[in-house]
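Chemist: Structure file protein.cif, mmCIF, C-alpha atoms and all ligand atoms, is pasted below:
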data_protein
loop_
_atom_site.label_atom_id
_atom_site.label_comp_id
_atom_site.auth_asym_id
_atom_site.auth_seq_id
_atom_site.Cartn_x
_atom_site.Cartn_y
_atom_site.Cartn_z
CA MET I 1354 32.36 105.44 -18.63
CA LYS I 1355 33.32 105.24 -22.31
CA ILE I 1356 31.97 102.06 -23.91
CA LEU I 1357 33.15 100.60 -27.20
CA VAL I 1358 30.11 98.94 -28.79
CA THR I 1359 30.66 96.75 -31.87
CA GLY I 1360 27.78 96.21 -34.29
CA GLY I 1361 25.92 99.25 -32.96
CA CYS I 1362 24.06 99.90 -36.23
CA GLY I 1363 22.30 96.54 -36.04
CA PHE I 1364 19.04 95.69 -34.32
CA ILE I 1365 20.21 95.03 -30.76
CA GLY I 1366 23.23 97.34 -30.99
CA SER I 1367 21.15 100.37 -32.00
CA ASN I 1368 18.61 99.71 -29.23
CA LEU I 1369 21.48 99.28 -26.75
CA ILE I 1370 23.13 102.55 -27.83
CA ARG I 1371 19.78 104.37 -27.61
CA HIS I 1372 19.47 103.04 -24.04
CA LEU I 1373 23.07 104.02 -23.16
CA LEU I 1374 22.72 107.55 -24.54
CA SER I 1375 19.19 108.18 -23.23
CA ALA I 1376 19.16 106.45 -19.85
CA THR I 1377 22.81 106.69 -18.72
CA ALA I 1378 25.63 109.25 -18.82
CA HIS I 1379 28.02 106.88 -20.62
CA ARG I 1380 29.85 107.81 -23.79
CA VAL I 1381 29.70 105.42 -26.75
CA VAL I 1382 32.11 104.60 -29.57
CA ASN I 1383 30.31 102.46 -32.15
CA VAL I 1384 32.40 100.38 -34.57
CA ASP I 1385 30.27 98.93 -37.34
CA LYS I 1386 31.17 97.63 -40.79
CA LEU I 1387 27.71 98.52 -42.15
CA THR I 1388 26.95 95.18 -43.74
CA TYR I 1389 23.44 94.77 -45.20
CA ALA I 1390 22.22 94.56 -41.55
CA GLY I 1391 23.85 97.80 -40.41
CA ASN I 1392 21.56 100.79 -40.73
CA PRO I 1393 22.69 104.27 -39.63
CA ASN I 1394 19.05 105.42 -39.90
CA SER I 1395 18.41 103.43 -36.72
CA LEU I 1396 20.55 105.94 -34.79
CA ALA I 1397 19.80 109.04 -36.87
CA GLU I 1398 18.79 111.12 -33.83
CA PHE I 1399 22.27 110.66 -32.29
CA ALA I 1400 24.36 111.48 -35.39
CA ASP I 1401 25.64 114.73 -33.82
CA ALA I 1402 25.30 113.80 -30.17
CA PRO I 1403 28.39 114.86 -28.16
CA ARG I 1404 28.59 111.54 -26.27
CA TYR I 1405 28.51 109.44 -29.46
CA VAL I 1406 31.22 108.59 -32.03
CA PHE I 1407 30.72 106.36 -35.05
CA VAL I 1408 33.63 104.55 -36.69
CA ARG I 1409 32.89 102.63 -39.84
CA GLY I 1410 35.12 99.58 -39.69
CA ASP I 1411 35.52 95.83 -39.64
CA ILE I 1412 36.28 94.09 -36.33
CA ALA I 1413 38.46 91.69 -38.34
CA ASP I 1414 40.78 94.60 -39.25
CA VAL I 1415 43.14 94.32 -36.29
CA THR I 1416 45.11 97.42 -37.25
CA LEU I 1417 41.94 99.49 -37.30
CA MET I 1418 40.80 98.00 -33.99
CA ARG I 1419 44.19 98.72 -32.36
CA GLY I 1420 43.76 102.31 -33.56
CA VAL I 1421 40.24 102.52 -32.10
CA PHE I 1422 41.50 101.35 -28.69
CA ALA I 1423 44.47 103.76 -28.82
CA ASP I 1424 42.42 106.76 -29.97
CA HIS I 1425 39.33 106.29 -27.77
CA ALA I 1426 40.69 104.50 -24.67
CA PRO I 1427 37.41 102.75 -23.75
CA ASP I 1428 36.58 101.58 -20.22
CA ALA I 1429 34.62 98.59 -21.53
CA VAL I 1430 33.71 96.70 -24.69
CA MET I 1431 30.24 95.40 -25.54
CA HIS I 1432 30.78 93.08 -28.50
CA LEU I 1433 27.67 92.58 -30.63
CA ALA I 1434 29.01 92.71 -34.20
CA ALA I 1435 28.12 89.48 -35.97
CA GLU I 1436 26.44 87.91 -38.92
CA SER I 1437 23.19 87.01 -37.17
CA HIS I 1438 20.67 85.36 -39.51
CA VAL I 1439 20.41 81.56 -39.44
CA ASP I 1440 18.95 81.18 -42.97
CA ARG I 1441 21.80 83.26 -44.45
CA SER I 1442 24.32 81.07 -42.61
CA ILE I 1443 22.81 78.02 -44.31
CA ASP I 1444 23.03 79.63 -47.76
CA GLY I 1445 26.52 81.12 -47.26
CA PRO I 1446 28.50 80.30 -44.12
CA ALA I 1447 31.76 82.03 -45.15
CA ASP I 1448 30.84 85.52 -43.91
CA PHE I 1449 29.77 84.00 -40.58
CA ILE I 1450 33.13 82.33 -40.09
CA GLN I 1451 34.95 85.51 -41.13
CA THR I 1452 33.11 87.91 -38.81
CA ASN I 1453 31.93 85.76 -35.92
CA VAL I 1454 35.10 83.67 -35.54
CA VAL I 1455 37.99 85.50 -37.25
CA GLY I 1456 36.57 88.94 -36.46
CA THR I 1457 36.04 88.09 -32.78
CA PHE I 1458 39.61 86.72 -32.65
CA HIS I 1459 41.06 90.00 -33.98
CA LEU I 1460 38.88 92.09 -31.68
CA LEU I 1461 39.96 90.02 -28.68
CA SER I 1462 43.62 90.37 -29.73
CA ALA I 1463 43.35 94.16 -29.95
CA ALA I 1464 41.41 94.32 -26.67
CA GLY I 1465 43.95 92.05 -24.95
CA GLU I 1466 46.90 94.20 -26.04
CA TYR I 1467 45.09 97.34 -24.90
CA TYR I 1468 44.15 95.78 -21.54
CA GLN I 1469 47.79 94.84 -20.85
CA GLN I 1470 48.67 98.55 -20.98
CA LEU I 1471 46.06 99.58 -18.44
CA SER I 1472 46.96 99.87 -14.79
CA GLY I 1473 45.39 100.61 -11.41
CA SER I 1474 41.67 101.22 -11.20
CA ARG I 1475 41.30 101.41 -15.00
CA ALA I 1476 42.61 97.86 -15.35
CA GLU I 1477 40.54 96.67 -12.40
CA SER I 1478 37.27 97.98 -13.76
CA PHE I 1479 37.81 97.14 -17.46
CA ARG I 1480 35.32 94.60 -18.88
CA PHE I 1481 34.89 92.80 -22.21
CA LEU I 1482 31.23 91.76 -22.56
CA HIS I 1483 30.79 89.15 -25.27
CA VAL I 1484 27.15 89.07 -26.44
CA SER I 1485 25.98 85.67 -27.62
CA THR I 1486 22.98 83.48 -28.23
CA ASP I 1487 21.09 80.54 -26.75
CA GLU I 1488 21.53 78.73 -30.10
CA VAL I 1489 24.98 77.56 -28.93
CA TYR I 1490 23.18 75.06 -26.68
CA GLY I 1491 21.44 73.30 -29.60
CA ALA I 1492 17.78 72.29 -29.53
CA LEU I 1493 15.42 71.20 -26.75
CA GLY I 1494 12.66 68.60 -27.00
CA ALA I 1495 9.29 69.13 -25.33
CA GLU I 1496 10.81 69.52 -21.83
CA GLY I 1497 13.66 71.41 -20.19
CA LEU I 1498 15.50 74.73 -20.24
CA PHE I 1499 19.00 75.90 -21.21
CA SER I 1500 21.04 76.86 -18.15
CA GLU I 1501 24.56 78.30 -17.99
CA SER I 1502 25.92 74.76 -17.50
CA THR I 1503 24.14 73.19 -20.50
CA ALA I 1504 26.74 71.61 -22.81
CA TYR I 1505 27.34 73.34 -26.13
CA ASP I 1506 25.78 71.55 -29.14
CA PRO I 1507 25.38 74.10 -31.96
CA HIS I 1508 23.56 72.98 -35.10
CA SER I 1509 23.42 75.73 -37.71
CA PRO I 1510 26.57 77.32 -39.18
CA TYR I 1511 25.51 80.55 -37.39
CA ALA I 1512 25.26 78.78 -34.02
CA ALA I 1513 28.58 76.98 -34.60
CA THR I 1514 30.37 80.28 -35.27
CA LYS I 1515 28.81 81.92 -32.21
CA ALA I 1516 29.84 78.91 -30.10
CA SER I 1517 33.39 79.26 -31.45
CA SER I 1518 33.42 82.95 -30.58
CA ASP I 1519 32.19 82.20 -27.02
CA HIS I 1520 35.04 79.72 -26.57
CA LEU I 1521 37.57 82.24 -27.91
CA ALA I 1522 36.29 84.93 -25.55
CA ARG I 1523 36.58 82.58 -22.55
CA ALA I 1524 40.06 81.47 -23.70
CA TRP I 1525 41.20 85.12 -23.71
CA ARG I 1526 40.27 85.35 -20.05
CA THR I 1527 41.90 82.14 -18.88
CA THR I 1528 45.00 82.53 -21.06
CA TYR I 1529 45.59 86.29 -21.21
CA GLY I 1530 43.57 87.52 -18.23
CA LEU I 1531 41.17 89.69 -20.25
CA PRO I 1532 38.17 90.35 -17.94
CA VAL I 1533 35.57 88.63 -20.12
CA ILE I 1534 31.87 88.08 -19.31
CA VAL I 1535 29.63 86.13 -21.71
CA THR I 1536 25.86 86.47 -22.12
CA ASN I 1537 23.62 84.02 -24.03
CA CYS I 1538 20.21 85.41 -24.90
CA SER I 1539 17.03 84.08 -26.46
CA ASN I 1540 15.11 85.53 -29.45
CA ASN I 1541 14.74 89.30 -29.39
CA TYR I 1542 11.96 91.36 -30.95
CA GLY I 1543 11.15 95.06 -31.05
CA PRO I 1544 11.72 98.23 -33.11
CA TYR I 1545 14.52 98.48 -35.72
CA GLN I 1546 14.75 94.73 -36.40
CA PHE I 1547 15.80 93.92 -39.98
CA PRO I 1548 12.81 92.53 -41.89
CA GLU I 1549 14.38 89.12 -42.50
CA LYS I 1550 13.63 87.94 -38.94
CA LEU I 1551 10.28 86.28 -38.16
CA ILE I 1552 8.33 89.08 -36.47
CA PRO I 1553 9.18 92.10 -38.68
CA LEU I 1554 8.97 89.89 -41.79
CA MET I 1555 5.42 88.85 -40.86
CA ILE I 1556 4.35 92.40 -39.98
CA ILE I 1557 5.67 93.92 -43.21
CA LYS I 1558 4.39 91.12 -45.44
CA ALA I 1559 0.96 91.30 -43.80
CA ILE I 1560 0.80 95.08 -44.27
CA GLY I 1561 1.68 94.46 -47.94
CA GLU I 1562 -1.01 91.76 -48.31
CA GLN I 1563 1.66 89.16 -49.12
CA PRO I 1564 1.73 85.48 -48.07
CA LEU I 1565 3.17 84.83 -44.58
CA PRO I 1566 5.67 81.94 -44.87
CA VAL I 1567 5.67 79.69 -41.80
CA TYR I 1568 8.34 76.97 -41.89
CA GLY I 1569 7.15 73.35 -41.54
CA ARG I 1570 3.96 73.22 -39.46
CA GLY I 1571 4.91 76.21 -37.32
CA GLU I 1572 5.37 74.00 -34.26
CA ASN I 1573 8.93 75.10 -33.42
CA VAL I 1574 9.15 77.09 -30.21
CA ARG I 1575 11.16 80.23 -29.47
CA ASP I 1576 11.54 82.13 -26.17
CA TRP I 1577 10.87 85.83 -26.83
CA LEU I 1578 12.40 88.87 -25.15
CA HIS I 1579 11.86 92.55 -25.93
CA VAL I 1580 15.11 94.09 -27.18
CA VAL I 1581 14.96 96.90 -24.60
CA ASP I 1582 14.92 94.25 -21.86
CA HIS I 1583 17.98 92.65 -23.47
CA ALA I 1584 19.71 96.06 -23.50
CA SER I 1585 18.96 96.59 -19.80
CA ALA I 1586 20.23 93.07 -19.01
CA LEU I 1587 23.50 93.75 -20.85
CA CYS I 1588 24.02 96.98 -18.88
CA GLN I 1589 23.30 95.18 -15.63
CA VAL I 1590 25.80 92.44 -16.49
CA LEU I 1591 28.44 94.96 -17.55
CA GLN I 1592 28.09 96.87 -14.28
CA HIS I 1593 27.53 94.07 -11.78
CA GLY I 1594 28.37 90.76 -13.49
CA ALA I 1595 31.29 88.66 -12.25
CA VAL I 1596 34.33 88.34 -14.50
CA GLY I 1597 34.58 84.87 -16.04
CA HIS I 1598 30.88 84.20 -15.54
CA THR I 1599 28.16 83.45 -18.08
CA TYR I 1600 24.64 84.87 -17.77
CA ASN I 1601 21.69 83.45 -19.68
CA ILE I 1602 19.11 86.09 -20.59
CA GLY I 1603 15.52 85.26 -21.50
CA GLY I 1604 11.98 86.46 -21.11
CA ASP I 1605 10.45 83.18 -19.88
CA CYS I 1606 8.08 83.54 -22.79
CA GLN I 1607 7.87 80.49 -25.04
CA ARG I 1608 5.58 80.49 -28.07
CA ARG I 1609 5.07 78.15 -31.02
CA ASN I 1610 5.83 80.05 -34.22
CA ILE I 1611 2.32 79.52 -35.55
CA ASP I 1612 0.76 80.92 -32.37
CA LEU I 1613 3.06 83.94 -32.48
CA VAL I 1614 2.25 84.62 -36.15
CA ARG I 1615 -1.48 84.32 -35.37
CA SER I 1616 -1.04 86.85 -32.54
CA VAL I 1617 0.68 89.25 -34.96
CA CYS I 1618 -2.24 88.79 -37.36
CA GLU I 1619 -4.86 89.43 -34.67
CA ILE I 1620 -3.18 92.63 -33.48
CA LEU I 1621 -2.92 93.81 -37.10
CA ASP I 1622 -6.62 93.02 -37.66
CA GLU I 1623 -7.30 95.55 -34.91
CA LEU I 1624 -4.68 98.22 -35.75
CA HIS I 1625 -4.65 97.90 -39.55
CA PRO I 1626 -7.77 96.01 -40.72
CA ARG I 1627 -7.86 94.34 -44.15
CA GLN I 1628 -10.60 95.26 -46.60
CA ASN I 1629 -11.61 91.61 -46.99
CA GLY I 1630 -10.90 88.84 -44.49
CA CYS I 1631 -8.35 88.74 -41.72
CA HIS I 1632 -4.54 88.70 -41.84
CA ALA I 1633 -4.34 85.04 -40.73
CA ASP I 1634 -5.78 84.13 -44.16
CA LEU I 1635 -2.35 85.07 -45.55
CA ILE I 1636 -0.52 82.32 -43.58
CA ARG I 1637 1.17 79.67 -45.76
CA PHE I 1638 3.09 76.63 -44.53
CA VAL I 1639 6.31 76.36 -46.54
CA ALA I 1640 9.34 74.03 -46.71
CA ASP I 1641 11.10 73.73 -43.37
CA ARG I 1642 14.52 75.23 -42.57
CA PRO I 1643 17.24 72.52 -42.87
CA GLY I 1644 18.28 71.36 -39.38
CA HIS I 1645 15.56 73.55 -37.83
CA ASP I 1646 16.09 73.55 -34.04
CA PHE I 1647 12.80 72.47 -32.43
CA ARG I 1648 12.74 74.53 -29.25
CA TYR I 1649 14.80 77.11 -27.37
CA ALA I 1650 13.99 78.09 -23.79
CA ILE I 1651 16.17 79.92 -21.29
CA ASP I 1652 16.50 79.45 -17.55
CA SER I 1653 17.33 83.01 -16.47
CA THR I 1654 17.35 82.30 -12.72
CA LYS I 1655 21.00 83.38 -12.37
CA ILE I 1656 20.72 86.90 -13.80
CA ARG I 1657 17.39 87.46 -12.05
CA GLY I 1658 18.61 86.15 -8.69
CA GLN I 1659 22.20 87.42 -8.64
CA LEU I 1660 21.85 90.73 -10.52
CA GLY I 1661 18.21 91.57 -9.83
CA TRP I 1662 17.36 91.94 -13.52
CA GLN I 1663 13.70 91.65 -14.58
CA PRO I 1664 12.19 92.11 -18.04
CA GLN I 1665 9.72 95.01 -18.18
CA HIS I 1666 7.72 93.95 -21.26
CA ASP I 1667 5.22 91.12 -21.50
CA LEU I 1668 4.86 89.63 -24.97
CA GLU I 1669 1.30 90.80 -25.61
CA SER I 1670 2.00 94.50 -24.94
CA GLY I 1671 5.54 94.31 -26.41
CA LEU I 1672 4.22 92.81 -29.62
CA ARG I 1673 1.48 95.42 -29.85
CA GLN I 1674 4.01 98.23 -29.30
CA THR I 1675 6.33 96.68 -31.92
CA ILE I 1676 3.55 96.36 -34.51
CA ARG I 1677 2.51 99.95 -33.83
CA TRP I 1678 6.16 101.00 -34.32
CA TYR I 1679 6.36 99.31 -37.74
CA LEU I 1680 3.04 100.88 -38.75
CA GLU I 1681 4.28 104.33 -37.71
CA HIS I 1682 7.83 103.98 -39.16
CA ARG I 1683 7.11 102.87 -42.66
CA ASP I 1684 9.92 105.17 -43.90
CA TRP I 1685 12.49 103.13 -41.89
CA TRP I 1686 11.59 99.76 -43.40
CA GLN I 1687 10.49 101.03 -46.83
CA ALA I 1688 14.06 102.40 -47.34
CA ILE I 1689 15.32 98.86 -46.66
CA LEU I 1690 12.87 97.32 -49.13
CA ASP I 1691 13.82 99.98 -51.71
CA GLY I 1692 17.57 99.60 -51.00
CA ASN I 1693 17.87 103.34 -50.23
CA TYR I 1694 19.32 102.76 -46.78
CA GLN I 1695 22.24 101.19 -48.62
CA LEU I 1696 22.79 104.37 -50.63
CA GLN I 1697 22.79 106.36 -47.43
CA ARG I 1698 25.24 104.05 -45.68
CA LEU I 1699 27.59 104.49 -48.65
CA GLY I 1700 27.25 108.26 -48.33
CA ARG I 1701 25.52 108.67 -51.70
CA VAL I 1702 22.40 110.52 -50.55
P1 LIG K 1 22.15 92.38 -36.66
O1 LIG K 1 22.41 91.46 -37.80
O2 LIG K 1 20.88 93.16 -36.64
O3 LIG K 1 23.35 93.43 -36.55
C1 LIG K 1 24.69 93.07 -36.66
C2 LIG K 1 25.52 94.35 -36.79
O4 LIG K 1 26.90 93.97 -36.85
C3 LIG K 1 25.22 95.14 -38.07
O5 LIG K 1 25.12 96.51 -37.78
C4 LIG K 1 26.43 94.86 -38.96
O6 LIG K 1 26.72 95.92 -39.85
C5 LIG K 1 27.52 94.68 -37.90
N1 LIG K 1 28.65 93.87 -38.39
C6 LIG K 1 28.58 92.69 -39.03
N2 LIG K 1 29.82 92.26 -39.34
C7 LIG K 1 30.68 93.18 -38.86
C8 LIG K 1 32.09 93.30 -38.84
N3 LIG K 1 32.88 92.36 -39.41
N4 LIG K 1 32.66 94.37 -38.24
C9 LIG K 1 31.88 95.34 -37.67
N5 LIG K 1 30.54 95.29 -37.69
C10 LIG K 1 29.94 94.22 -38.26
O7 LIG K 1 22.31 91.49 -35.35
P2 LIG K 1 21.48 91.58 -33.98
O8 LIG K 1 20.24 90.79 -34.10
O9 LIG K 1 21.43 92.99 -33.54
O10 LIG K 1 22.46 90.75 -33.01
C11 LIG K 1 23.53 91.41 -32.34
C12 LIG K 1 24.30 90.37 -31.53
O11 LIG K 1 23.43 89.75 -30.59
C13 LIG K 1 24.91 89.26 -32.37
O12 LIG K 1 26.16 88.94 -31.84
C14 LIG K 1 23.93 88.10 -32.20
O13 LIG K 1 24.59 86.87 -32.33
C15 LIG K 1 23.47 88.34 -30.77
N6 LIG K 1 22.11 87.85 -30.45
C16 LIG K 1 21.04 88.17 -31.24
C17 LIG K 1 19.77 87.74 -30.89
C18 LIG K 1 18.55 88.09 -31.71
O14 LIG K 1 17.46 87.59 -31.41
N7 LIG K 1 18.64 88.94 -32.71
C19 LIG K 1 19.59 86.97 -29.72
C20 LIG K 1 20.71 86.64 -28.95
C21 LIG K 1 21.97 87.10 -29.32
O1 LIG K 2 17.69 82.41 -30.25
C1 LIG K 2 18.42 83.56 -30.54
C2 LIG K 2 18.55 83.72 -32.03
O2 LIG K 2 17.28 84.13 -32.51
C3 LIG K 2 19.63 84.71 -32.43
O3 LIG K 2 20.88 84.24 -32.02
C4 LIG K 2 19.63 84.92 -33.95
O4 LIG K 2 20.58 85.93 -34.29
C5 LIG K 2 18.24 85.36 -34.37
O5 LIG K 2 18.20 85.48 -35.79
C6 LIG K 2 17.19 84.36 -33.90
O6 LIG K 2 17.32 83.11 -34.61
P1 LIG K 2 16.02 82.30 -35.15
O7 LIG K 2 16.43 81.43 -36.25
O8 LIG K 2 15.28 81.71 -34.00
O9 LIG K 2 15.16 83.58 -35.68
P2 LIG K 2 14.27 83.79 -37.00
O10 LIG K 2 13.57 85.09 -36.83
O11 LIG K 2 15.06 83.59 -38.24
O12 LIG K 2 13.21 82.61 -36.90
C7 LIG K 2 12.39 82.47 -35.75
C8 LIG K 2 11.56 81.20 -35.94
O13 LIG K 2 10.62 81.42 -37.02
C9 LIG K 2 12.38 79.99 -36.37
O14 LIG K 2 11.83 78.83 -35.76
C10 LIG K 2 12.20 79.92 -37.88
C11 LIG K 2 10.81 80.49 -38.09
N1 LIG K 2 10.60 81.23 -39.35
C12 LIG K 2 11.49 82.21 -39.66
C13 LIG K 2 11.33 82.94 -40.82
C14 LIG K 2 12.33 84.03 -41.22
C15 LIG K 2 9.49 80.97 -40.14
O15 LIG K 2 8.68 80.09 -39.83
N2 LIG K 2 9.33 81.70 -41.29
C16 LIG K 2 10.22 82.67 -41.68
O16 LIG K 2 10.02 83.29 -42.75
#
If you took the structure in this file and wrote it as structure tokens, what would it be?
Modeler:
Amino acid sequence: MKILVTGGCGFIGSNLIRHLLSATAHRVVNVDKLTYAGNPNSLAEFADAPRYVFVRGDIADVTLMRGVFADHAPDAVMHLAAESHVDRSIDGPADFIQTNVVGTFHLLSAAGEYYQQLSGSRAESFRFLHVSTDEVYGALGAEGLFSESTAYDPHSPYAATKASSDHLARAWRTTYGLPVIVTNCSNNYGPYQFPEKLIPLMIIKAIGEQPLPVYGRGENVRDWLHVVDHASALCQVLQHGAVGHTYNIGGDCQRRNIDLVRSVCEILDELHPRQNGCHADLIRFVADRPGHDFRYAIDSTKIRGQLGWQPQHDLESGLRQTIRWYLEHRDWWQAILDGNYQLQRLGRV
């Protein structure tokens, strides 16, 4: 199969492409705009791989996307390209509306036109997998889980744009017959995550002996899933998921932020001890995120029961492996801190 992946130079996209190229025989066409979050270094080992093609481009450029479909004739789309960071969406929502809503609209338009030209078994097996988030469901109190039938109630500008894109994707199925499947996943962690997100930010700041900023009192809860488990879930849904269905993906692994940050600190105390004191001494409670959703938690019964998917990483060993990865790949994140990865993505080094 030839799979068109959008946003493949980001955190989840690069881990997904690594999975597709290492564990399957699929071919991959990766369309990525290379925003600040897109990092070709994350896929450096595949730069010349025969089953991999990279196209630098914007999903909102419908002419370019029509060309990509015409030139590469994919058998499926896995759509991950997005502006993904909640705090950035609060400071500047415009890019989120442009990529997540307008960009998804143009991508769906190009995919829909392409799909209309397919026939026979190619049309029958074509899939458009729209990758989304549990944040579309809003926030939970102390009890309960998000299921596929939970009503949408997005709070942040990021969540609102992802909710819009989910609705557009579903509308393209009901209106134009595009074989769309939607996934909504909880918080991912693992290697190659941009150091603005909680876990890599804490690891890198702790290694640098800097304060660890925990919003509010650190009581907000997130449901954590290793990115490789998300990649395997997406492949399972692409292969066996039912058209028109939604699958919630989650690790059944809720943690309060403060407990998670303390776990990061404890693992670092062991793997990378401080000269004086322990890493938890660096924790600082700072002003809360506006509109901070209290708790996310996913009911993943459907994907587990119907598609037989199971996460392979528990949080303790996944976190340890992730911390080890950041300790051993200082060059990857140091280039981000120095801005050098930006020079490389612009072809200047
Ligand atoms: P990321 O920010 O790490 O990567 C996004 C990628 O998209 C980058 O490579 C960027 O260059 C690219 N991109 C952005 N705008 C583009 C455009 N207009 N055209 C082409 N490429 C563009 O994001 P991520 O954390 O890897 O998330 C990937 C997807 O998964 C997103 O759709 C996100 O909403 C969803 N998701 C993320 C999480 C999570 O915990 N990170 C959880 C559930 C769902
Ligand atoms: O739930 C899925 C979502 O998870 C994805 O859709 C988003 O793309 C992804 O960014 C993530 O959103 P969060 O806002 O949950 O992730 P973030 O890493 O920004 O924050 C995780 C929690 O940690 C959240 O409660 C805010 C808190 N936090 C975050 C940062 C960056 C802190 O306390 N301090 C920080 O410095």
Chemist: Could you name the residues that touch I:Ala1429 at 7 Å or less, counting all atoms listed in the file, but leaving out those on the same chain fewer than 4 positions away, as a ChimeraX atom specification?
Modeler: /I:1355-1357,1479-1481
Chemist: When the cut-off is 8 Å and you count only C-alpha atoms and all ligand atoms, which residues lie near ligand LIG 1 (chain K), shown as a PyMOL selection string?
Modeler: chain I and resi 1359-1367+1384-1392+1409-1413+1432-1438+1451-1453+1456+1484-1487+1515+1537-1542+1546-1547
Chemist: Could you name the residues that touch I:Ala1584 at 8 Å or less, counting all atoms listed in the file, but leaving out those on the same chain fewer than 6 positions away, as a PyMOL selection string?
Modeler: chain I and resi 1365+1368-1369+1372
Chemist: Give as JSON, numbers by chain the residues surrounding ligand LIG 2 (chain K) up to a distance of 8 Å, considering all atoms listed in the file.
Modeler: {"I": [1436, 1437, 1438, 1439, 1440, 1485, 1486, 1487, 1488, 1511, 1512, 1538, 1539, 1540, 1541, 1549, 1550, 1551, 1552, 1554, 1555, 1565, 1566, 1567, 1568, 1569, 1571, 1573, 1574, 1575, 1576, 1610, 1611, 1641, 1642, 1645, 1646, 1647, 1648, 1649]}
Chemist: From the options I:Tyr1600, I:Tyr1679, I:Phe1638, I:Trp1662, which residue's atoms come nearest to I:His1625, counting all atoms listed in the file?
Modeler: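 Among the listed residues, the smallest separation from I:His1625 belongs to I:Tyr1679.
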Chemist: Using only C-alpha atoms, find the one residue out of I:Val1430, I:Leu1417, I:Leu1374, I:Ala1559 that sits nearest to I:Pro1626.
Modeler: I:Ala1559
Chemist: Between atom CA of I:Leu1498 and atom CA of I:Glu1572, what is the spacing in Å?
Modeler: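 Atom-to-atom, atom CA of I:Glu1572 and atom CA of I:Leu1498 are spaced 17.3 Å apart.
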Chemist: Of the candidates I:Cys1606, I:Ile1620, I:Val1358, I:Leu1396, which one gets nearest to I:Leu1587 if we count all atoms listed in the file?
Modeler: I:Val1358
Chemist: Nearest residue to I:Arg1673 out of I:Gly1658, I:Gly1603, I:Gly1543, I:Pro1564, using only C-alpha atoms?
Modeler: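 For I:Arg1673, the nearest of the given residues is I:Gly1543.
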Chemist: Record the distance separating atom CA of I:Gly1692 and atom CA of I:Arg1441, expressed in Å with one decimal.
Modeler: 18.1 Å
Chemist: Enter the distance from atom CA of I:Glu1496 to atom CA of I:Arg1637, in Å, rounded to one decimal.
Modeler: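 These atoms are spaced 27.7 Å apart.
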Chemist: With all atoms listed in the file as the counted atoms, please give the residues lying no more than 9 Å from I:Trp1678, apart from itself and same-chain residues fewer than 3 positions off, as a PyMOL selection string.
Modeler: chain I and resi 1543-1545+1673-1675+1681-1683
Chemist: Which one of I:Ala1504, I:Leu1680, I:Ile1534, I:Ala1426 sits closest to I:Thr1599 if you count only C-alpha atoms?
Modeler: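 For I:Thr1599, the nearest of the given residues is I:Ile1534.
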Chemist: When you count all atoms listed in the file, which of these residues is closest to I:Val1415: I:His1459, I:Lys1558, I:Arg1677, I:His1379?
Modeler: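 Nearest to I:Val1415: I:His1459.
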Chemist: Name the residues in contact with stretch 1469-1476 of chain I at a cut-off of 12 Å, using only C-alpha atoms, excluding same-chain residues fewer than 5 positions from it; report them as number ranges by chain.
Modeler: I: 1354-1355, 1422-1423, 1426-1429, 1462-1464, 1481, 1529-1532
Chemist: Create the file for the chosen residues now, containing C-alpha atoms and written as a compact mmCIF listing (two decimals), keeping the file's coordinate frame.
Modeler:
# COMPACT_ATOMS: atom_id res chain seq x y z
CA MET I 1354 32.36 105.44 -18.63
CA LYS I 1355 33.32 105.24 -22.31
CA PHE I 1422 41.50 101.35 -28.69
CA ALA I 1423 44.47 103.76 -28.82
CA ALA I 1426 40.69 104.50 -24.67
CA PRO I 1427 37.41 102.75 -23.75
CA ASP I 1428 36.58 101.58 -20.22
CA ALA I 1429 34.62 98.59 -21.53
CA SER I 1462 43.62 90.37 -29.73
CA ALA I 1463 43.35 94.16 -29.95
CA ALA I 1464 41.41 94.32 -26.67
CA PHE I 1481 34.89 92.80 -22.21
CA TYR I 1529 45.59 86.29 -21.21
CA GLY I 1530 43.57 87.52 -18.23
CA LEU I 1531 41.17 89.69 -20.25
CA PRO I 1532 38.17 90.35 -17.94
Chemist: With N, CA and C atoms as the target, complete stretch 1669-1674 of chain I and hand it back as a short mmCIF file (atom, residue, chain, number, x, y, z; two decimals), in the frame of the given file.
Modeler:
data_model
loop_
_atom_site.label_atom_id
_atom_site.label_comp_id
_atom_site.auth_asym_id
_atom_site.auth_seq_id
_atom_site.Cartn_x
_atom_site.Cartn_y
_atom_site.Cartn_z
N GLU I 1669 2.52 90.22 -25.01
CA GLU I 1669 1.30 90.80 -25.61
C GLU I 1669 1.47 92.31 -25.83
N SER I 1670 1.89 93.04 -24.77
CA SER I 1670 2.00 94.50 -24.94
C SER I 1670 3.25 94.85 -25.76
N GLY I 1671 4.33 94.05 -25.62
CA GLY I 1671 5.54 94.31 -26.41
C GLY I 1671 5.30 94.12 -27.90
N LEU I 1672 4.53 93.09 -28.21
CA LEU I 1672 4.22 92.81 -29.62
C LEU I 1672 3.34 93.92 -30.20
N ARG I 1673 2.39 94.34 -29.42
CA ARG I 1673 1.48 95.42 -29.85
C ARG I 1673 2.28 96.71 -30.10
N GLN I 1674 3.19 97.02 -29.15
CA GLN I 1674 4.01 98.23 -29.30
C GLN I 1674 4.90 98.12 -30.54
#
